[in-house]
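**Student:** Quick one: the structure is below, questions incoming.
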Amino acid sequence: MDITGRRQLMVDPRLIAEQDTCLKCMAEANRIGRVIGLPPGLHGLGKIQYGTVVWDEHLGRVRLYYCFYDRKRRCLIGLAESADGEHFEGAPLDPEMLDDPGRGMVHIRRTQPDCDRLLDATRAGAPVSMEGTLDSADWKAAPASRNFVKSGSDELAEFGTTVRCLYDDEAVYLGVDCPGKRPLEPRNGDGWERREHLEIFVDPGCTRGRYAVLRIDGRGETQQEYGGDAADALPDGWATQWQARAHRSDDGWSVTIRLPLAVFGTAEGRTGSAWGLNVGHNVPSESADAYMRYTSWSGARSHDSADEFGSLVFDEPAFRVEHQPVWENLQTGWAGGAQRHDPCVFIDPNGPESQRYKLIWREGGYLYVCSGGDGVHFDTHRAVIDNGNLDSMNLAMWDPMRRRYVLYTRWWFRDQGLPARRRGVARTESEHWTHGYPERRTIMDPRDFPGNEEGSRDFYTPGVFIYEDLYLALPTVYYRNLGRGPLAPSLMVSTDGVDFQWVGDGMPFIPRTPGAWDQARIYFIAPAIPMGDRIYLYYVGQAIEHHVEDRTIVDDGGVGAAWIRRDGFVCYHGFTRWPGSVTTVPLIFSAGSQLNVNVEMNSADGQLRAEVSGNPRFSAEKCIPVTADAINTPLRWQGADIAELRGKPFRLRFLLDGARLYAFEIE
C-alpha cells in the first residue's frame, strides 16, 4: 500500500491487517449546541430543514446555508457565516420573504423554462398509428416527459407515467404510457372516481381561459367536457371529433389520442406555437375504500388550474414572443420562484471566479445545476436528472481523486422484497458540470444496514464527503420501527466513493439528546469542515419525531454544531496495564523522512510505541515513546531513521498502552 504523501486514518478499511488486545472504536461527536435558530417572526410558521455548508478559503469563513419551509412547503434559503466554526452571524430570515422569495438571502435565477412543465412536440415522419401502442420509431424518438408528481405537492408520483407528443398537418397526437400491474376495473362503484384513468387538459393557443377535458381509462372508455371561459369556447363539434385508443399489456397500459387541427388548431387549421397542457394520471388506492391517488404532469395544485398548465411547444422561438407571459411563468414557476427546494452548495476549484460556487436544487423529479461567483447569486443551467426517483437532501461535489462532478441522490426502492417503499442513495458522475451524467446507480441499500433484514429502516441523507483520500458518509438513518420515527446519522467509509461499508455497526455518530431541541431527529449537513485541531459537524435538529402530525409547524429546532478531533472518526484503543497492538498491511513510500502520529492518552502513564516488523533497527525497545496527546507528533527510533525504508516494503506494528491511535503519516 503506497502511503506517499497521504495521511493514513484508522477508519481506512485497507490499512490494518492484525489487531491484538485492543479495540477499534468509532468516535462520538462532542456537541457545541444550537448555532442557528428560528427568528421570533417565524415561530409557528414552519421549520428549518436541511442545509449545506462550505469552507470559503477566500473569505476565511464557514458559510452555512439552511432551508426554512413553511406549512405550504414554500422554501427560503438562509445564509450565516462563521470565522471560528462555532459562532455564526447573518441576517435573520424575514416572514415577509415568504410572499416574495426574491428578497431571500440566496437568489437562484432560472433563465430557461421548467423542463418538467414543457413538452416538445415532434413532427411525425410516418402516419401515426392509433392502436394505443407507443412502439413505433416516431413514438420512441419523441421526447418523453416522465415527471408526474402527487397533486398539490412536489413529491414524485410512484407510477412511472410518461407522456409524448407527435403532430402532422392534420392532427396532434398524445401518447401516454402507464406502467404497472393494477386492476383496471372500477372499484366500489362505476364512476370515474373509482377507476384508474387519465385526464388530458388541452388549451390550444395557451389562452389560459378555455380548455377541453378528455378522459380515458385502460379499457378504452372515454368522456369529455368543456372547461374554462365560455366566451372563448372551442369550436362546435369538438367533443365528437377527438379519438382515443387504449392498449393493455402484461406490464400496464398505454393510450394514443388524436386531436384534429380542424377543431383544435388555429383558424388556419395549424398548431400555432404552443398549447397549454396538463395530464392527470389518477389511480384508486389498494385499500377497500378505494380513495383516488391523483398525480399531475404540470405540477398544478389542481388538475384544472389553467394558469398552472404546462406547455406543449411546437415552435419555441415563436412561443417566447407570442406568449411571453406564459414563457416567463415557466421560468419562474407558478409558485413565484419559492420552489427551489433542497439546495446543496459546494466550491469548484476548476471554474472561473464567476462560477466557482456550484449549486443544485430540485423541483419534483428534476435536479437542476447552477453556478455563481459569490455564493449568493446563482444562474440555473439546466436539469441534469429528469427521470424522477428523487427526494430531498441530494448532494453534489467535485471529486478531486476521480476528477469528476458527482451527484449523490435519494433513491426509492419499490417492489424489491421490502415491506413498503424504502429510501436509499444513488450516484452518478460526469466530467462536465452541466451535462454528461449517465443513469444513476444505487450505492446505499437500506437492506444492508446492520440488523435491517426486515426493512424497518431507510436513509434520509447521503451525507458523503471526502476527507484526506477517503470517502466518508454520515447518512441519516430513519428508524421506522422505533416510536414515531427518530432519525440520526451513522458512519460509513469507502475507498472509491461507490462501495461503502458501515463503521461501528451503524451506531449513531451524532446521537440525539433526550429532552433537548434535537431529541428526535438529526440530519447531518455535509461536508465535515476541518478547522485547526478539530473537525466540525453541522446538523439540523428537531424535537418532534418524523410521523408526528403537524410536524411542519414545530419551531423548537435549528442548526446544531458538534466536533471531533482531527482524524478522529475511528481509533484503535489499547488499555492501561493491558496494552494492545495493531499491525498494518505492507506499506511503501517514495518521499518523506519523518513518521508522525495522531495519538491521545487515556491515562496519566499512557504511551505509544511502534516497531517495523522483522527489522531490529526499528524495534519497539528502540522506539522513543510518545506520552502526550498530539495531533501530529514525531515518532522516532534510537539510532535509526525512517528514511532508510524509503522504497522498501515494510509493516508497522503500533503498541498502545493506555493510548488511542487515530492516524499517521510520513512527511
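In the C-alpha cells, the first chain shown is A, the next is B, and so on; residue numbers restart at 1 for each chain, and ligands run from 1 in the order shown.
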Quick one: everything within 7 Å of Arg7 of chain A, counting only C-alpha atoms, minus sequence neighbours fewer than 4 positions away in the same chain. Send it as a PyMOL selection string.
**Tutor:** chain A and resi 468+663-665
**Student:** Write the residues of the preceding selection, restricted to C-alpha atoms, as a PDB file, in the first residue's frame.
**Tutor:**
```
ATOM      1  CA  GLU A 468      -7.839  13.024   3.057  1.00  0.00           C
ATOM      2  CA  ALA A 663      -3.754   8.403  12.185  1.00  0.00           C
ATOM      3  CA  PHE A 664      -0.160   8.513  10.999  1.00  0.00           C
ATOM      4  CA  GLU A 665       1.762   9.827   8.010  1.00  0.00           C
TER       5      GLU A 665
END
```
**Student:** Using only C-alpha atoms, determine which residues lie at most 10 Å from segment 595-602 of chain A, disregarding the query and same-chain residues fewer than 2 positions distant; provide the list as a ChimeraX atom specification.
**Tutor:** /A:7-9,565-568,571-576,592-593,604-608,626-636,641-643,656-667
**Student:** Once you have the residues from the selection above, write them out as an mmCIF file, in the first residue's frame, restricted to C-alpha atoms.
**Tutor:**
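And here's out.cif as it stands now:
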```cif
data_model
loop_
_atom_site.group_PDB
_atom_site.id
_atom_site.type_symbol
_atom_site.label_atom_id
_atom_site.label_comp_id
_atom_site.auth_asym_id
_atom_site.auth_seq_id
_atom_site.Cartn_x
_atom_site.Cartn_y
_atom_site.Cartn_z
ATOM 1 C CA ARG A 7 -2.281 10.642 5.829
ATOM 2 C CA GLN A 8 -3.336 7.186 6.991
ATOM 3 C CA LEU A 9 -6.551 7.093 9.016
ATOM 4 C CA ARG A 565 -10.622 15.796 16.955
ATOM 5 C CA ARG A 566 -8.703 15.952 13.692
ATOM 6 C CA ASP A 567 -8.718 12.490 12.021
ATOM 7 C CA GLY A 568 -10.903 11.333 14.900
ATOM 8 C CA CYS A 571 -9.252 4.986 16.719
ATOM 9 C CA TYR A 572 -7.545 1.841 17.983
ATOM 10 C CA HIS A 573 -7.585 1.825 21.766
ATOM 11 C CA GLY A 574 -5.119 -0.016 23.994
ATOM 12 C CA PHE A 575 -5.947 -0.123 27.699
ATOM 13 C CA THR A 576 -3.627 0.763 30.601
ATOM 14 C CA GLY A 592 9.391 11.875 3.222
ATOM 15 C CA SER A 593 11.679 11.334 6.191
ATOM 16 C CA ALA A 604 -1.632 9.536 33.064
ATOM 17 C CA ASP A 605 1.061 6.991 32.182
ATOM 18 C CA GLY A 606 -0.214 6.153 28.709
ATOM 19 C CA GLN A 607 2.235 5.741 25.834
ATOM 20 C CA LEU A 608 2.520 4.733 22.200
ATOM 21 C CA VAL A 626 5.021 9.258 22.717
ATOM 22 C CA THR A 627 3.437 10.053 26.101
ATOM 23 C CA ALA A 628 1.258 13.107 25.470
ATOM 24 C CA ASP A 629 -1.782 13.967 23.360
ATOM 25 C CA ALA A 630 -0.815 15.261 19.940
ATOM 26 C CA ILE A 631 -2.441 15.708 16.548
ATOM 27 C CA ASN A 632 0.825 15.455 14.642
ATOM 28 C CA THR A 633 3.884 14.479 16.691
ATOM 29 C CA PRO A 634 7.095 12.686 15.573
ATOM 30 C CA LEU A 635 7.686 9.032 16.382
ATOM 31 C CA ARG A 636 11.392 8.113 16.304
ATOM 32 C CA ASP A 641 15.809 6.917 10.611
ATOM 33 C CA ILE A 642 12.529 6.057 8.875
ATOM 34 C CA ALA A 643 14.024 7.447 5.652
ATOM 35 C CA LEU A 656 -0.850 1.026 22.516
ATOM 36 C CA ASP A 657 -0.636 1.209 26.312
ATOM 37 C CA GLY A 658 -3.337 3.488 27.655
ATOM 38 C CA ALA A 659 -3.403 5.277 24.290
ATOM 39 C CA ARG A 660 -5.614 5.789 21.244
ATOM 40 C CA LEU A 661 -4.191 5.942 17.713
ATOM 41 C CA TYR A 662 -6.161 7.916 15.098
ATOM 42 C CA ALA A 663 -3.754 8.403 12.185
ATOM 43 C CA PHE A 664 -0.160 8.513 10.999
ATOM 44 C CA GLU A 665 1.762 9.827 8.010
ATOM 45 C CA ILE A 666 5.282 10.089 6.644
ATOM 46 C CA GLU A 667 6.233 13.599 5.643
#
```
**Student:** Step one, run DSSP on the backbone; step two, keep only residues of segment 31-158 of chain A assigned to strand (DSSP E or B); then write them as a VMD selection string.
**Tutor:** chain A and resid 31 to 36 46 to 56 61 to 70 75 to 82 89 107 to 110 118 to 120 122 to 123 145 149 to 150 156
**Student:** Take the residues that were just selected and, keeping C-alpha atoms, output them as an mmCIF file, in the first residue's frame.
**Tutor:**
```
data_model
loop_
_atom_site.group_PDB
_atom_site.id
_atom_site.type_symbol
_atom_site.label_atom_id
_atom_site.label_comp_id
_atom_site.auth_asym_id
_atom_site.auth_seq_id
_atom_site.Cartn_x
_atom_site.Cartn_y
_atom_site.Cartn_z
ATOM 1 C CA ARG A 31 -21.896 18.773 20.979
ATOM 2 C CA ILE A 32 -21.467 22.530 20.861
ATOM 3 C CA GLY A 33 -25.180 23.298 20.741
ATOM 4 C CA ARG A 34 -27.614 25.134 18.548
ATOM 5 C CA VAL A 35 -25.868 27.743 16.394
ATOM 6 C CA ILE A 36 -28.836 28.846 14.237
ATOM 7 C CA GLY A 46 -42.617 26.330 9.764
ATOM 8 C CA LYS A 47 -39.249 24.800 10.475
ATOM 9 C CA ILE A 48 -35.601 24.701 9.467
ATOM 10 C CA GLN A 49 -35.000 21.554 7.481
ATOM 11 C CA TYR A 50 -31.876 20.522 5.586
ATOM 12 C CA GLY A 51 -28.785 22.521 4.793
ATOM 13 C CA THR A 52 -25.349 22.596 3.227
ATOM 14 C CA VAL A 53 -22.018 24.043 4.307
ATOM 15 C CA VAL A 54 -18.769 25.171 2.638
ATOM 16 C CA TRP A 55 -15.378 26.451 3.735
ATOM 17 C CA ASP A 56 -14.510 29.512 1.622
ATOM 18 C CA ARG A 61 -15.060 31.676 6.822
ATOM 19 C CA VAL A 62 -17.521 28.823 7.080
ATOM 20 C CA ARG A 63 -20.688 29.556 5.100
ATOM 21 C CA LEU A 64 -23.738 27.615 6.244
ATOM 22 C CA TYR A 65 -26.848 27.511 4.037
ATOM 23 C CA TYR A 66 -30.081 26.337 5.620
ATOM 24 C CA CYS A 67 -33.641 25.894 4.380
ATOM 25 C CA PHE A 68 -36.793 27.125 6.055
ATOM 26 C CA TYR A 69 -40.092 25.542 4.959
ATOM 27 C CA ASP A 70 -43.484 26.895 5.864
ATOM 28 C CA CYS A 75 -38.778 27.395 0.799
ATOM 29 C CA LEU A 76 -36.495 30.212 1.932
ATOM 30 C CA ILE A 77 -32.734 29.783 1.942
ATOM 31 C CA GLY A 78 -30.851 31.369 4.820
ATOM 32 C CA LEU A 79 -27.118 32.064 4.972
ATOM 33 C CA ALA A 80 -24.901 32.512 8.020
ATOM 34 C CA GLU A 81 -21.104 32.747 8.343
ATOM 35 C CA SER A 82 -18.519 31.922 10.984
ATOM 36 C CA GLU A 89 -23.620 35.657 12.040
ATOM 37 C CA HIS A 107 -31.085 34.122 -5.227
ATOM 38 C CA ILE A 108 -31.440 31.307 -7.754
ATOM 39 C CA ARG A 109 -32.337 32.645 -11.169
ATOM 40 C CA ARG A 110 -33.794 30.466 -13.872
ATOM 41 C CA LEU A 118 -42.538 21.857 -21.077
ATOM 42 C CA LEU A 119 -43.157 19.131 -23.654
ATOM 43 C CA ASP A 120 -41.629 19.398 -27.112
ATOM 44 C CA THR A 122 -42.148 16.170 -32.663
ATOM 45 C CA ARG A 123 -43.255 16.124 -36.300
ATOM 46 C CA SER A 145 -41.681 13.717 -20.073
ATOM 47 C CA VAL A 149 -45.971 14.430 -9.139
ATOM 48 C CA LYS A 150 -48.589 13.881 -6.499
ATOM 49 C CA LEU A 156 -42.735 12.356 -7.192
#
```
**Student:** As a list in words, which residues of segment 135-229 of chain A does DSSP assign to helix (DSSP H, G or I)?
**Tutor:**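 Going through segment 135-229 of chain A, the helix (DSSP H, G or I) residues come out as Ala137, Asp138, Trp139, Lys140, Ala141, Trp192, Glu193 and Arg194 of chain A.
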**Student:** Which value, in Å to one decimal, gives the distance between atom CA of Glu225 of chain A and atom CA of Pro325 of chain A?
**Tutor:**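 Computed distance, atom CA of Glu225 of chain A to atom CA of Pro325 of chain A, equals 26.8 Å.
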**Student:** Report, in Å to a single decimal, how far apart atom CA of Glu86 of chain A and atom CA of Val559 of chain A are.
**Tutor:**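 Calculated distance between atom CA of Val559 of chain A and atom CA of Glu86 of chain A is 11.2 Å.
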**Student:** Can you list, as a PyMOL selection string, every protein, DNA or RNA residue that comes within 6 Å of segment 404-415 of chain A when you count only C-alpha atoms, leaving out same-chain residues fewer than 6 positions away?
**Tutor:** chain A and resi 389-391+394-398+421-431
**Student:** Env of Ala528 of chain A: 9 Å cut, atoms = only C-alpha atoms, seq-sep filter 6 positions within chain, self excluded. Answer as a PDB file with N, CA and C atoms, in the first residue's frame.
**Tutor:**
```pdb
ATOM      1  N   VAL A  53     -23.052  23.219   3.706  1.00  0.00           N
ATOM      2  CA  VAL A  53     -22.018  24.043   4.307  1.00  0.00           C
ATOM      3  C   VAL A  53     -20.766  23.995   3.435  1.00  0.00           C
ATOM      4  N   VAL A  54     -20.030  25.112   3.379  1.00  0.00           N
ATOM      5  CA  VAL A  54     -18.769  25.171   2.638  1.00  0.00           C
ATOM      6  C   VAL A  54     -17.748  25.935   3.468  1.00  0.00           C
ATOM      7  N   PHE A 465     -18.800  12.901   1.966  1.00  0.00           N
ATOM      8  CA  PHE A 465     -17.764  13.927   1.847  1.00  0.00           C
ATOM      9  C   PHE A 465     -16.406  13.245   1.757  1.00  0.00           C
ATOM     10  N   ILE A 466     -15.424  14.006   1.292  1.00  0.00           N
ATOM     11  CA  ILE A 466     -14.060  13.484   1.150  1.00  0.00           C
ATOM     12  C   ILE A 466     -13.208  14.031   2.289  1.00  0.00           C
ATOM     13  N   TYR A 467     -12.451  13.126   2.920  1.00  0.00           N
ATOM     14  CA  TYR A 467     -11.503  13.530   3.964  1.00  0.00           C
ATOM     15  C   TYR A 467     -10.201  12.808   3.679  1.00  0.00           C
ATOM     16  N   ILE A 535     -12.574  18.830  13.709  1.00  0.00           N
ATOM     17  CA  ILE A 535     -13.445  18.674  12.550  1.00  0.00           C
ATOM     18  C   ILE A 535     -14.844  19.033  13.014  1.00  0.00           C
ATOM     19  N   TYR A 536     -15.454  20.023  12.360  1.00  0.00           N
ATOM     20  CA  TYR A 536     -16.784  20.468  12.752  1.00  0.00           C
ATOM     21  C   TYR A 536     -17.842  19.732  11.929  1.00  0.00           C
ATOM     22  N   LEU A 537     -18.873  19.299  12.624  1.00  0.00           N
ATOM     23  CA  LEU A 537     -20.000  18.596  12.024  1.00  0.00           C
ATOM     24  C   LEU A 537     -21.265  19.397  12.310  1.00  0.00           C
ATOM     25  N   TYR A 538     -21.982  19.756  11.254  1.00  0.00           N
ATOM     26  CA  TYR A 538     -23.198  20.541  11.410  1.00  0.00           C
ATOM     27  C   TYR A 538     -24.408  19.666  11.081  1.00  0.00           C
TER      28      TYR A 538
END
```
**Student:** Which polymer residues have any atom within 6 Å of an atom of segment 352-358 of chain A, counting only C-alpha atoms, with same-chain residues fewer than 6 positions away left out, as a list in words?
**Tutor:**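 The neighbour list is Val345, Phe346, Cys370, Ser371, Gly372, Gly373 and Gly375 of chain A.
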**Student:** Please, could you write that set of residues out with C-alpha atoms as a PDB file, in the first residue's frame?
**Tutor:**
```pdb
ATOM      1  CA  VAL A 345     -23.714  24.198  -2.466  1.00  0.00           C
ATOM      2  CA  PHE A 346     -20.024  23.472  -2.999  1.00  0.00           C
ATOM      3  CA  CYS A 370     -26.397  26.186 -11.160  1.00  0.00           C
ATOM      4  CA  SER A 371     -23.261  28.341 -10.960  1.00  0.00           C
ATOM      5  CA  GLY A 372     -22.406  31.635  -9.296  1.00  0.00           C
ATOM      6  CA  GLY A 373     -19.422  33.703  -8.258  1.00  0.00           C
ATOM      7  CA  GLY A 375     -22.239  32.157  -3.203  1.00  0.00           C
TER       8      GLY A 375
END
```
